[in-house]
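Okay, so here's the structure we're looking at.
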Amino acid sequence: MTVVSVDSRKNNRLAVNDQKFFIKRVEHDGKVWVLPSECPHRGGPLHLGKQCEKTGAIVCPWHDNRISMHCIKRSSLPAISNKDLIHVVLPNDNYRIWSES
Amino acid sequence: MAIESFLSCSHFKDAPKDVFMESPYQRPCRPQDLKALDLSEPVSLENYSSNENLFIQRSILNAYELDLVFLPFSKAVNLKEFKTFYCDENYQNAAAILPSFEHLAFSSLEKSINVSGHWTLQDFIQYTKTKIKDVANSESTLYKKITGSKDPESAARFFFIQCAGDFLSEASAMARNVLGNYGSATSELFKVLIDEYGYGVHEKKHSSIFEGMMKDVGLNEMIHYYWNFYTPGSLSLINYFHYISKNHSRFFKYLGALYYTEATLAFTTKSQSKIVKDVFQGRVSSLYFDEHSHIDIHHGRMALEKIIIPLVELHGEHIIPDILSGFEEFASLQDVADQELYRHIEVHDSLDELIAKAKKYHDVSGAVKFEEVLGEVSVSHIHNNDELFMVDEGELDLYFSPDKVVHMKAGDKIIIPSGILHLSKITSDTCRYSVKHIEVA
């Protein structure tokens with residue numbers, strides 16, 4: 001296991017063992033989450049999806065499936081943030097971090 | 001307002017007769033500042049060295065410490081003072097102010113840290129051990145700041161004063177958590193507590209060892225003798241432990257903060273011991289810090305292995321986010337208090353420069369004027385802007401610490417930087433002085 005620190009002002013993407021995640025502040029709970037970016041339907045890019053203001057669900061840009069935040073959070077990574085710095089616990093050192101707008 | 005009622009008690013309201021407190025019940029909070037303070041929003045961490053935070057932290061420490069027993073050590077108690085401090089009205093008013101003042105003091109801290117995702121016990125152990133290892137491997141900034149000061153002894157004494165409010169009543173907040181019964185972890189925490197209390201041998205009690213060190217370095221060992229010289233950050237470290245210990249809904253946070261502080265003290269006290277040895281050249285015992293370098297290795301291990309892990313295994317991983325929050329919140333608060341201490345040491349080293357710089361300011365229009373009489377002492381405070389301080393007539397002593405006192409007479413000026421604690425004591429029959437906000441380039 002390893003702990004990686006990410007400055008969320010500089011980077012918003014993370015991959016570990018080829019599984020991709022995106023860093024997002026969720027307005028409904030005010031917390032910063034490291035969420036899986038692959039849609040459970042066909043692997044669409046959830047990090048590019050729009051968020052429903054009312055429910056918080058993310059709409060996958062591929063097939064317009066609404067994935068509830070509750071469902072996405074189930075596969076999130078353990079993280080603790082202090083202002084802009086987010087510390088994430090990963091299963092191993094096989095990770096990369098990058099920025100994607 | 002409840003705060004006005006609470007601070008109407010003479011112990012919290014009256015200006016002291018001298019710079020240093022004569023009894024453990026004397027804890028002035030400058031209630032006269034209340035109208036000028038902005039208490040509409042929680043104090044942000046960026047604004048922690050503000051007069052607002054000083055007022056808030058002093059007020060809540062007074063509320064929390066009504067639960068602790070203090071008597072003077074070296075003279076008979078003044079029973080009237082004792083009873084007016086521990087009176088029903090104070091308890092009622094303390095209960096009325098605490099929720100809103102705790103919110104002002106700590107909600108920004110809580111908001112700045114958040115825990116997300118599913119944390120397993122293994123994730124928790126990995127994260128916290130990584131963070132503790134980082135502390136263990138980092139160079140001590142405190143050592144560099146104190147030994148690098150122009151006056152290392154004075155800087156070290158100012159550091160000990162910042163510790164005194166906590167260490168002279170050491171582990172009192174912890175004692176709140178050994179009441180009740182939560183299984184075997186209760187007894188494990190009790191073992192930590194009895195180490196802190198020296199197993200009933202008074203000389204071994206950690207606060208007694210600290211008292212000895214205070215005396216060795218020429219400081220007074222009475223609790224809150226240096227009330228005027230506690231920075232807001234130092235007060236917040238004491239208060240945070242009361243905050244998470246008084247209301248037991250925060251018990252799991254307490255466990256995280258306990259783990260962080262015990263595990264990291266095992267390392268940070270090594271450099272603090274070196275400060276005592278190097279600055280005082282063998283004239284002062286470093287036992288207080290040496291004791292912690294040793295026993296806190298055990299306490300850090302006990303907090304994790306004997307208290308946190310068994311409780312998570314029994315009650316489930318859903319208690320981990322609170323434990324982590326406490327761990328991280330205390331770490332963050334410690335950083336804020338450290339930065340504030342370093343800034344005070346830097347300003348104490350540069351008083352001559354601040355006097356020289358003040359001479360360049362000639363426009364004194366708009367200055368606020370004060371007139372005071374011999375012996376009058378102001379309760380220490382902080383300006384949220386840089387201030388030009390000028391004596392117009394008479395003389396006074398301007399205190400930045402017990403060691404750093406600037407004697408000023410008519411015509412003298414100094415710049416008091418924002419966020420820096422100070423107070424004045426009039427040393428002539430009367431004294432007139434002026435204060436003006438300035439922008440220092």
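Chains: A, B, ... in order of the structure tokens. Residues: from 1 per chain. Ligands: from 1, in order shown.
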Residue list for chain A near chain B as a PDB file with N, CA and C atoms, in the first residue's frame, 9 Å, only C-alpha atoms:
```
ATOM      1  N   MET A   1       0.851  -1.205   0.000  1.00  0.00           N
ATOM      2  CA  MET A   1       0.000   0.000   0.000  1.00  0.00           C
ATOM      3  C   MET A   1       0.875   1.239   0.000  1.00  0.00           C
ATOM      4  N   THR A   2       0.324   2.314  -0.549  1.00  0.00           N
ATOM      5  CA  THR A   2       1.082   3.561  -0.545  1.00  0.00           C
ATOM      6  C   THR A   2       0.119   4.742  -0.404  1.00  0.00           C
ATOM      7  N   VAL A   3       0.672   5.850   0.063  1.00  0.00           N
ATOM      8  CA  VAL A   3      -0.144   7.057   0.181  1.00  0.00           C
ATOM      9  C   VAL A   3       0.401   8.083  -0.803  1.00  0.00           C
ATOM     10  N   GLY A  30     -20.070  18.503   0.285  1.00  0.00           N
ATOM     11  CA  GLY A  30     -18.938  19.418   0.500  1.00  0.00           C
ATOM     12  C   GLY A  30     -17.589  18.721   0.563  1.00  0.00           C
ATOM     13  N   LYS A  31     -17.546  17.419   0.255  1.00  0.00           N
ATOM     14  CA  LYS A  31     -16.290  16.676   0.375  1.00  0.00           C
ATOM     15  C   LYS A  31     -15.613  16.487  -0.984  1.00  0.00           C
ATOM     16  N   VAL A  32     -14.298  16.273  -0.912  1.00  0.00           N
ATOM     17  CA  VAL A  32     -13.545  15.967  -2.134  1.00  0.00           C
ATOM     18  C   VAL A  32     -13.453  14.443  -2.245  1.00  0.00           C
ATOM     19  N   TRP A  33     -13.850  13.912  -3.412  1.00  0.00           N
ATOM     20  CA  TRP A  33     -13.862  12.463  -3.613  1.00  0.00           C
ATOM     21  C   TRP A  33     -12.932  12.075  -4.759  1.00  0.00           C
ATOM     22  N   VAL A  34     -12.405  10.858  -4.661  1.00  0.00           N
ATOM     23  CA  VAL A  34     -11.638  10.295  -5.784  1.00  0.00           C
ATOM     24  C   VAL A  34     -12.525   9.194  -6.376  1.00  0.00           C
ATOM     25  N   LEU A  35     -13.192   9.548  -7.469  1.00  0.00           N
ATOM     26  CA  LEU A  35     -14.272   8.703  -8.000  1.00  0.00           C
ATOM     27  C   LEU A  35     -13.819   7.945  -9.250  1.00  0.00           C
ATOM     28  N   LYS A  73     -19.797   6.587  -5.597  1.00  0.00           N
ATOM     29  CA  LYS A  73     -18.988   6.686  -4.372  1.00  0.00           C
ATOM     30  C   LYS A  73     -18.608   5.310  -3.827  1.00  0.00           C
ATOM     31  N   ARG A  74     -19.425   4.310  -4.137  1.00  0.00           N
ATOM     32  CA  ARG A  74     -19.131   2.959  -3.611  1.00  0.00           C
ATOM     33  C   ARG A  74     -17.768   2.461  -4.071  1.00  0.00           C
ATOM     34  N   SER A  75     -17.337   2.921  -5.260  1.00  0.00           N
ATOM     35  CA  SER A  75     -16.041   2.467  -5.793  1.00  0.00           C
ATOM     36  C   SER A  75     -14.960   3.532  -5.674  1.00  0.00           C
ATOM     37  N   SER A  76     -15.202   4.526  -4.822  1.00  0.00           N
ATOM     38  CA  SER A  76     -14.202   5.598  -4.674  1.00  0.00           C
ATOM     39  C   SER A  76     -13.016   5.100  -3.864  1.00  0.00           C
ATOM     40  N   LEU A  77     -11.940   5.873  -3.934  1.00  0.00           N
ATOM     41  CA  LEU A  77     -10.734   5.517  -3.176  1.00  0.00           C
ATOM     42  C   LEU A  77     -10.761   6.204  -1.811  1.00  0.00           C
ATOM     43  N   PRO A  78     -10.146   5.606  -0.786  1.00  0.00           N
ATOM     44  CA  PRO A  78     -10.074   6.277   0.517  1.00  0.00           C
ATOM     45  C   PRO A  78      -9.194   7.525   0.425  1.00  0.00           C
ATOM     46  N   ALA A  79      -9.763   8.649   0.821  1.00  0.00           N
ATOM     47  CA  ALA A  79      -9.039   9.915   0.675  1.00  0.00           C
ATOM     48  C   ALA A  79      -9.327  10.832   1.841  1.00  0.00           C
ATOM     49  N   ILE A  80      -8.342  11.666   2.159  1.00  0.00           N
ATOM     50  CA  ILE A  80      -8.549  12.719   3.160  1.00  0.00           C
ATOM     51  C   ILE A  80      -7.935  13.987   2.593  1.00  0.00           C
ATOM     52  N   SER A  81      -8.720  15.053   2.625  1.00  0.00           N
ATOM     53  CA  SER A  81      -8.201  16.293   2.045  1.00  0.00           C
ATOM     54  C   SER A  81      -8.070  17.362   3.106  1.00  0.00           C
ATOM     55  N   ASN A  82      -7.040  18.189   2.922  1.00  0.00           N
ATOM     56  CA  ASN A  82      -6.825  19.347   3.773  1.00  0.00           C
ATOM     57  C   ASN A  82      -6.680  20.523   2.820  1.00  0.00           C
ATOM     58  N   LYS A  83      -7.725  21.316   2.722  1.00  0.00           N
ATOM     59  CA  LYS A  83      -7.816  22.394   1.732  1.00  0.00           C
ATOM     60  C   LYS A  83      -7.619  21.806   0.330  1.00  0.00           C
ATOM     61  N   ASP A  84      -6.570  22.218  -0.383  1.00  0.00           N
ATOM     62  CA  ASP A  84      -6.422  21.758  -1.775  1.00  0.00           C
ATOM     63  C   ASP A  84      -5.613  20.469  -1.906  1.00  0.00           C
ATOM     64  N   HIS A  87      -4.907  13.478   0.071  1.00  0.00           N
ATOM     65  CA  HIS A  87      -4.064  12.306   0.288  1.00  0.00           C
ATOM     66  C   HIS A  87      -4.921  11.068   0.009  1.00  0.00           C
ATOM     67  N   VAL A  88      -4.386  10.179  -0.830  1.00  0.00           N
ATOM     68  CA  VAL A  88      -5.164   9.012  -1.252  1.00  0.00           C
ATOM     69  C   VAL A  88      -4.371   7.753  -0.923  1.00  0.00           C
ATOM     70  N   VAL A  89      -5.037   6.775  -0.341  1.00  0.00           N
ATOM     71  CA  VAL A  89      -4.369   5.502  -0.056  1.00  0.00           C
ATOM     72  C   VAL A  89      -4.588   4.576  -1.250  1.00  0.00           C
ATOM     73  N   LEU A  90      -3.477   4.065  -1.827  1.00  0.00           N
ATOM     74  CA  LEU A  90      -3.545   3.206  -3.015  1.00  0.00           C
ATOM     75  C   LEU A  90      -3.020   1.817  -2.676  1.00  0.00           C
ATOM     76  N   PRO A  91      -3.476   0.804  -3.419  1.00  0.00           N
ATOM     77  CA  PRO A  91      -3.033  -0.560  -3.095  1.00  0.00           C
ATOM     78  C   PRO A  91      -1.556  -0.812  -3.398  1.00  0.00           C
TER      79      PRO A  91
END
```
Let's see if you can do this: from backbone DSSP, list all alpha helix (DSSP H) residues in segment 92-177 of chain B, as a PDB file with C-alpha atoms, in the first residue's frame.
```pdb
ATOM      1  CA  GLN B  92     -24.525  28.211  33.432  1.00  0.00           C
ATOM      2  CA  ASN B  93     -22.974  30.943  31.290  1.00  0.00           C
ATOM      3  CA  ALA B  94     -20.177  28.629  30.117  1.00  0.00           C
ATOM      4  CA  ALA B  95     -22.748  26.083  28.948  1.00  0.00           C
ATOM      5  CA  ALA B  96     -24.620  28.839  27.126  1.00  0.00           C
ATOM      6  CA  ILE B  97     -21.605  30.173  25.202  1.00  0.00           C
ATOM      7  CA  LEU B  98     -19.777  26.951  24.380  1.00  0.00           C
ATOM      8  CA  PRO B  99     -21.709  25.653  21.339  1.00  0.00           C
ATOM      9  CA  SER B 100     -21.593  28.956  19.452  1.00  0.00           C
ATOM     10  CA  PHE B 101     -18.016  29.769  20.468  1.00  0.00           C
ATOM     11  CA  GLU B 102     -16.788  26.273  19.601  1.00  0.00           C
ATOM     12  CA  HIS B 103     -18.381  26.785  16.208  1.00  0.00           C
ATOM     13  CA  LEU B 104     -16.520  30.092  15.793  1.00  0.00           C
ATOM     14  CA  ALA B 105     -13.247  28.502  16.919  1.00  0.00           C
ATOM     15  CA  PHE B 106     -13.198  25.174  15.142  1.00  0.00           C
ATOM     16  CA  SER B 107     -15.715  24.921  12.313  1.00  0.00           C
ATOM     17  CA  SER B 108     -13.303  26.334   9.701  1.00  0.00           C
ATOM     18  CA  LEU B 109     -10.757  23.739  10.763  1.00  0.00           C
ATOM     19  CA  GLU B 110     -13.361  20.996  10.462  1.00  0.00           C
ATOM     20  CA  LYS B 111     -14.518  22.316   7.104  1.00  0.00           C
ATOM     21  CA  SER B 112     -10.981  22.429   5.701  1.00  0.00           C
ATOM     22  CA  LEU B 121      -8.480  -0.470   8.795  1.00  0.00           C
ATOM     23  CA  GLN B 122      -5.440  -1.258   6.620  1.00  0.00           C
ATOM     24  CA  ASP B 123      -5.901   2.018   4.690  1.00  0.00           C
ATOM     25  CA  PHE B 124      -6.079   3.887   7.995  1.00  0.00           C
ATOM     26  CA  ILE B 125      -2.925   2.252   9.337  1.00  0.00           C
ATOM     27  CA  GLN B 126      -1.054   2.894   6.082  1.00  0.00           C
ATOM     28  CA  TYR B 127      -2.053   6.550   5.922  1.00  0.00           C
ATOM     29  CA  THR B 128      -1.372   7.411   9.551  1.00  0.00           C
ATOM     30  CA  LYS B 129       1.963   5.568   9.651  1.00  0.00           C
ATOM     31  CA  THR B 130       3.062   7.393   6.487  1.00  0.00           C
ATOM     32  CA  LYS B 131       2.155  10.737   8.016  1.00  0.00           C
ATOM     33  CA  ILE B 132       3.898   9.944  11.328  1.00  0.00           C
ATOM     34  CA  LYS B 133       6.983   8.764   9.425  1.00  0.00           C
ATOM     35  CA  ASP B 134       7.048  12.092   7.557  1.00  0.00           C
ATOM     36  CA  VAL B 135       7.104  13.932  10.898  1.00  0.00           C
ATOM     37  CA  ALA B 136       9.813  11.589  12.217  1.00  0.00           C
ATOM     38  CA  ASN B 137      11.999  12.187   9.147  1.00  0.00           C
ATOM     39  CA  THR B 141      11.922  23.930  12.200  1.00  0.00           C
ATOM     40  CA  LEU B 142      11.385  24.740  15.884  1.00  0.00           C
ATOM     41  CA  TYR B 143      15.021  23.857  16.653  1.00  0.00           C
ATOM     42  CA  LYS B 144      16.226  26.045  13.769  1.00  0.00           C
ATOM     43  CA  LYS B 145      14.022  28.993  14.722  1.00  0.00           C
ATOM     44  CA  ILE B 146      14.991  28.957  18.408  1.00  0.00           C
ATOM     45  CA  THR B 147      18.702  28.276  18.058  1.00  0.00           C
ATOM     46  CA  PRO B 152      17.856  31.831  21.831  1.00  0.00           C
ATOM     47  CA  GLU B 153      17.172  31.738  25.600  1.00  0.00           C
ATOM     48  CA  SER B 154      14.367  34.243  25.289  1.00  0.00           C
ATOM     49  CA  ALA B 155      12.955  32.400  22.251  1.00  0.00           C
ATOM     50  CA  ALA B 156      13.093  29.099  24.169  1.00  0.00           C
ATOM     51  CA  ARG B 157      11.369  30.668  27.179  1.00  0.00           C
ATOM     52  CA  PHE B 158       8.635  32.071  24.921  1.00  0.00           C
ATOM     53  CA  PHE B 159       8.156  28.552  23.509  1.00  0.00           C
ATOM     54  CA  PHE B 160       7.880  27.099  27.042  1.00  0.00           C
ATOM     55  CA  ILE B 161       5.305  29.757  27.913  1.00  0.00           C
ATOM     56  CA  GLN B 162       3.250  28.673  24.897  1.00  0.00           C
ATOM     57  CA  CYS B 163       3.407  25.093  26.206  1.00  0.00           C
ATOM     58  CA  ALA B 164       2.686  26.056  29.826  1.00  0.00           C
ATOM     59  CA  GLY B 165      -1.082  26.465  29.536  1.00  0.00           C
ATOM     60  CA  ASP B 166      -1.293  22.856  28.400  1.00  0.00           C
ATOM     61  CA  PHE B 167       1.629  21.131  30.139  1.00  0.00           C
ATOM     62  CA  SER B 172      -6.652  16.975  31.993  1.00  0.00           C
ATOM     63  CA  ALA B 173      -8.700  16.794  28.795  1.00  0.00           C
ATOM     64  CA  MET B 174      -7.667  13.132  28.439  1.00  0.00           C
ATOM     65  CA  ALA B 175      -9.105  12.439  31.896  1.00  0.00           C
TER      66      ALA B 175
END
```
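For Ser8 of chain A, the non-local neighbours within 9 Å, defined as residues at least 4 positions apart in the same chain or in other chains and counting only C-alpha atoms, are Asn12, Ile23, Lys24, Asp84, Leu85 and Ile86 of chain A.
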Would you give me, as a PyMOL selection string, the residues in chain A that DSSP reads as strand (DSSP E or B)? chain A and resi 2-7+13-16+19-26+31-36+38+45+50-51+58-59+66-67+77+79-82+85-90+95-98
Those residues you just picked out, can you put them in a file as a PDB file, in the first residue's frame with C-alpha atoms?
```
ATOM      1  CA  THR A   2       1.082   3.561  -0.545  1.00  0.00           C
ATOM      2  CA  VAL A   3      -0.144   7.057   0.181  1.00  0.00           C
ATOM      3  CA  VAL A   4      -0.045   9.640  -2.580  1.00  0.00           C
ATOM      4  CA  SER A   5      -0.643  13.377  -2.130  1.00  0.00           C
ATOM      5  CA  VAL A   6      -2.295  15.272  -4.958  1.00  0.00           C
ATOM      6  CA  ASP A   7      -2.611  19.046  -5.256  1.00  0.00           C
ATOM      7  CA  ARG A  13      -6.965  12.572 -12.605  1.00  0.00           C
ATOM      8  CA  LEU A  14      -5.392   9.495 -11.122  1.00  0.00           C
ATOM      9  CA  ALA A  15      -4.961   5.931 -12.382  1.00  0.00           C
ATOM     10  CA  VAL A  16      -3.944   2.927 -10.344  1.00  0.00           C
ATOM     11  CA  GLN A  19      -8.184   1.792 -13.292  1.00  0.00           C
ATOM     12  CA  LYS A  20      -8.899   5.497 -13.788  1.00  0.00           C
ATOM     13  CA  PHE A  21     -10.310   7.959 -11.267  1.00  0.00           C
ATOM     14  CA  PHE A  22     -11.170  11.653 -11.165  1.00  0.00           C
ATOM     15  CA  ILE A  23     -11.013  14.092  -8.279  1.00  0.00           C
ATOM     16  CA  LYS A  24     -14.199  15.978  -7.626  1.00  0.00           C
ATOM     17  CA  ARG A  25     -15.652  18.172  -4.913  1.00  0.00           C
ATOM     18  CA  VAL A  26     -19.221  16.997  -4.461  1.00  0.00           C
ATOM     19  CA  LYS A  31     -16.290  16.676   0.375  1.00  0.00           C
ATOM     20  CA  VAL A  32     -13.545  15.967  -2.134  1.00  0.00           C
ATOM     21  CA  TRP A  33     -13.862  12.463  -3.613  1.00  0.00           C
ATOM     22  CA  VAL A  34     -11.638  10.295  -5.784  1.00  0.00           C
ATOM     23  CA  LEU A  35     -14.272   8.703  -8.000  1.00  0.00           C
ATOM     24  CA  PRO A  36     -13.992   6.003 -10.683  1.00  0.00           C
ATOM     25  CA  GLU A  38     -15.505   4.552 -16.021  1.00  0.00           C
ATOM     26  CA  PRO A  45     -15.936   8.809 -19.262  1.00  0.00           C
ATOM     27  CA  LYS A  50     -22.610  16.638 -16.497  1.00  0.00           C
ATOM     28  CA  GLN A  51     -23.902  16.524 -12.977  1.00  0.00           C
ATOM     29  CA  ILE A  58     -23.637  12.128 -13.175  1.00  0.00           C
ATOM     30  CA  VAL A  59     -24.932  11.725 -16.704  1.00  0.00           C
ATOM     31  CA  ARG A  66     -27.677   8.683 -14.957  1.00  0.00           C
ATOM     32  CA  ILE A  67     -25.280   7.142 -12.463  1.00  0.00           C
ATOM     33  CA  LEU A  77     -10.734   5.517  -3.176  1.00  0.00           C
ATOM     34  CA  ALA A  79      -9.039   9.915   0.675  1.00  0.00           C
ATOM     35  CA  ILE A  80      -8.549  12.719   3.160  1.00  0.00           C
ATOM     36  CA  SER A  81      -8.201  16.293   2.045  1.00  0.00           C
ATOM     37  CA  ASN A  82      -6.825  19.347   3.773  1.00  0.00           C
ATOM     38  CA  LEU A  85      -4.176  18.851  -0.878  1.00  0.00           C
ATOM     39  CA  ILE A  86      -5.747  15.416  -1.094  1.00  0.00           C
ATOM     40  CA  HIS A  87      -4.064  12.306   0.288  1.00  0.00           C
ATOM     41  CA  VAL A  88      -5.164   9.012  -1.252  1.00  0.00           C
ATOM     42  CA  VAL A  89      -4.369   5.502  -0.056  1.00  0.00           C
ATOM     43  CA  LEU A  90      -3.545   3.206  -3.015  1.00  0.00           C
ATOM     44  CA  TYR A  95      -0.128   4.779 -10.294  1.00  0.00           C
ATOM     45  CA  ARG A  96       0.005   7.986 -12.303  1.00  0.00           C
ATOM     46  CA  ILE A  97      -1.448  11.431 -11.790  1.00  0.00           C
ATOM     47  CA  TRP A  98      -2.300  14.012 -14.425  1.00  0.00           C
TER      48      TRP A  98
END
```
Close residues, segment 302-314 of chain B itself excluded, 12 Å, only C-alpha atoms, min 5 positions apart in chain, as a ChimeraX atom specification: /B:119-122,124-126,128-129,182-193,251-264,295-297,319-324,327
Could you write out that same residue set with N, CA and C atoms as a compact mmCIF listing (two decimals), in the first residue's frame?
```txt
# COMPACT_ATOMS: atom_id res chain seq x y z
N TRP B 119 -12.79 3.67 3.80
CA TRP B 119 -11.51 3.45 4.47
C TRP B 119 -11.55 2.12 5.21
N THR B 120 -10.63 1.23 4.84
CA THR B 120 -10.49 0.00 5.62
C THR B 120 -9.50 0.29 6.76
N LEU B 121 -9.43 -0.63 7.69
CA LEU B 121 -8.48 -0.47 8.79
C LEU B 121 -7.05 -0.43 8.25
N GLN B 122 -6.78 -1.25 7.21
CA GLN B 122 -5.44 -1.26 6.62
C GLN B 122 -5.12 0.08 5.96
N PHE B 124 -6.30 2.96 6.88
CA PHE B 124 -6.08 3.89 7.99
C PHE B 124 -4.67 3.74 8.55
N ILE B 125 -4.26 2.49 8.76
CA ILE B 125 -2.92 2.25 9.34
C ILE B 125 -1.85 2.75 8.38
N GLN B 126 -2.04 2.47 7.08
CA GLN B 126 -1.05 2.89 6.08
C GLN B 126 -0.93 4.42 6.05
N THR B 128 -1.85 6.75 8.33
CA THR B 128 -1.37 7.41 9.55
C THR B 128 0.11 7.11 9.78
N LYS B 129 0.53 5.88 9.47
CA LYS B 129 1.96 5.57 9.65
C LYS B 129 2.82 6.37 8.68
N TYR B 182 -16.15 1.70 28.05
CA TYR B 182 -16.27 1.29 26.64
C TYR B 182 -15.42 0.05 26.38
N GLY B 183 -15.33 -0.78 27.40
CA GLY B 183 -14.62 -2.05 27.23
C GLY B 183 -13.14 -1.91 27.55
N SER B 184 -12.34 -2.85 27.02
CA SER B 184 -10.92 -2.91 27.39
C SER B 184 -10.14 -1.66 27.00
N ALA B 185 -10.63 -0.95 25.97
CA ALA B 185 -9.94 0.27 25.54
C ALA B 185 -9.97 1.33 26.65
N THR B 186 -11.00 1.29 27.50
CA THR B 186 -11.07 2.24 28.64
C THR B 186 -9.81 2.08 29.49
N SER B 187 -9.47 0.82 29.77
CA SER B 187 -8.33 0.55 30.64
C SER B 187 -7.02 0.89 29.94
N GLU B 188 -6.98 0.72 28.61
CA GLU B 188 -5.77 1.06 27.88
C GLU B 188 -5.53 2.58 27.92
N LEU B 189 -6.60 3.36 27.76
CA LEU B 189 -6.44 4.81 27.83
C LEU B 189 -6.07 5.21 29.26
N PHE B 190 -6.63 4.49 30.23
CA PHE B 190 -6.31 4.80 31.62
C PHE B 190 -4.81 4.59 31.89
N LYS B 191 -4.23 3.57 31.22
CA LYS B 191 -2.78 3.34 31.40
C LYS B 191 -1.97 4.51 30.86
N VAL B 192 -2.42 5.06 29.74
CA VAL B 192 -1.74 6.25 29.21
C VAL B 192 -1.86 7.38 30.22
N LEU B 193 -3.07 7.53 30.75
CA LEU B 193 -3.32 8.63 31.71
C LEU B 193 -2.44 8.50 32.95
N PHE B 251 -15.88 11.62 20.51
CA PHE B 251 -14.92 10.70 21.12
C PHE B 251 -13.99 10.05 20.08
N PHE B 252 -14.53 9.67 18.93
CA PHE B 252 -13.67 9.00 17.94
C PHE B 252 -12.65 9.99 17.36
N LYS B 253 -13.07 11.24 17.24
CA LYS B 253 -12.10 12.27 16.83
C LYS B 253 -10.99 12.36 17.88
N TYR B 254 -11.39 12.29 19.13
CA TYR B 254 -10.39 12.37 20.21
C TYR B 254 -9.32 11.28 20.02
N LEU B 255 -9.77 10.07 19.68
CA LEU B 255 -8.82 8.97 19.53
C LEU B 255 -7.81 9.27 18.42
N GLY B 256 -8.28 9.88 17.34
CA GLY B 256 -7.36 10.23 16.24
C GLY B 256 -6.36 11.29 16.67
N ALA B 257 -6.85 12.31 17.38
CA ALA B 257 -5.96 13.38 17.83
C ALA B 257 -4.97 12.85 18.86
N LEU B 258 -5.44 11.96 19.72
CA LEU B 258 -4.55 11.34 20.72
C LEU B 258 -3.43 10.59 20.01
N TYR B 259 -3.81 9.78 19.01
CA TYR B 259 -2.83 8.98 18.27
C TYR B 259 -1.80 9.88 17.60
N TYR B 260 -2.28 10.94 16.93
CA TYR B 260 -1.34 11.84 16.25
C TYR B 260 -0.38 12.46 17.26
N THR B 261 -0.93 12.99 18.33
CA THR B 261 -0.07 13.74 19.25
C THR B 261 0.91 12.82 19.97
N GLU B 262 0.46 11.67 20.42
CA GLU B 262 1.36 10.76 21.15
C GLU B 262 2.44 10.22 20.20
N ALA B 263 2.01 9.81 19.01
CA ALA B 263 2.97 9.19 18.09
C ALA B 263 4.00 10.19 17.58
N THR B 264 3.59 11.43 17.34
CA THR B 264 4.55 12.40 16.80
C THR B 264 5.41 13.01 17.92
N ILE B 295 8.39 7.64 26.54
CA ILE B 295 7.08 7.05 26.85
C ILE B 295 6.09 7.19 25.69
N ASP B 296 6.27 8.22 24.87
CA ASP B 296 5.31 8.42 23.79
C ASP B 296 5.50 7.44 22.64
N ILE B 297 6.64 6.75 22.60
CA ILE B 297 6.75 5.63 21.65
C ILE B 297 5.71 4.58 22.05
N ILE B 319 -16.37 3.98 11.91
CA ILE B 319 -15.87 4.96 12.90
C ILE B 319 -14.54 5.58 12.43
N ILE B 320 -13.97 5.03 11.35
CA ILE B 320 -12.65 5.51 10.91
C ILE B 320 -12.67 6.98 10.46
N PRO B 321 -13.67 7.43 9.67
CA PRO B 321 -13.62 8.84 9.24
C PRO B 321 -13.50 9.84 10.40
N ASP B 322 -14.18 9.61 11.48
CA ASP B 322 -14.07 10.52 12.64
C ASP B 322 -12.67 10.45 13.24
N ILE B 323 -12.12 9.24 13.36
CA ILE B 323 -10.78 9.09 13.94
C ILE B 323 -9.76 9.83 13.06
N LEU B 324 -9.92 9.64 11.74
CA LEU B 324 -9.01 10.31 10.80
C LEU B 324 -9.14 11.82 10.87
N PHE B 327 -7.28 13.09 13.82
CA PHE B 327 -5.83 12.95 13.54
C PHE B 327 -5.36 14.13 12.70
```
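Across the structure, atom CA of Phe210 of chain B and atom CA of Gln272 of chain B are spaced 12.8 Å apart.
Coordinates place atom CA of Asp93 of chain A at a distance of 28.5 Å from atom CA of Gly49 of chain A.
Counting from atom CA of Tyr91 of chain B, the distance to atom CA of Val77 of chain B is 20.4 Å.
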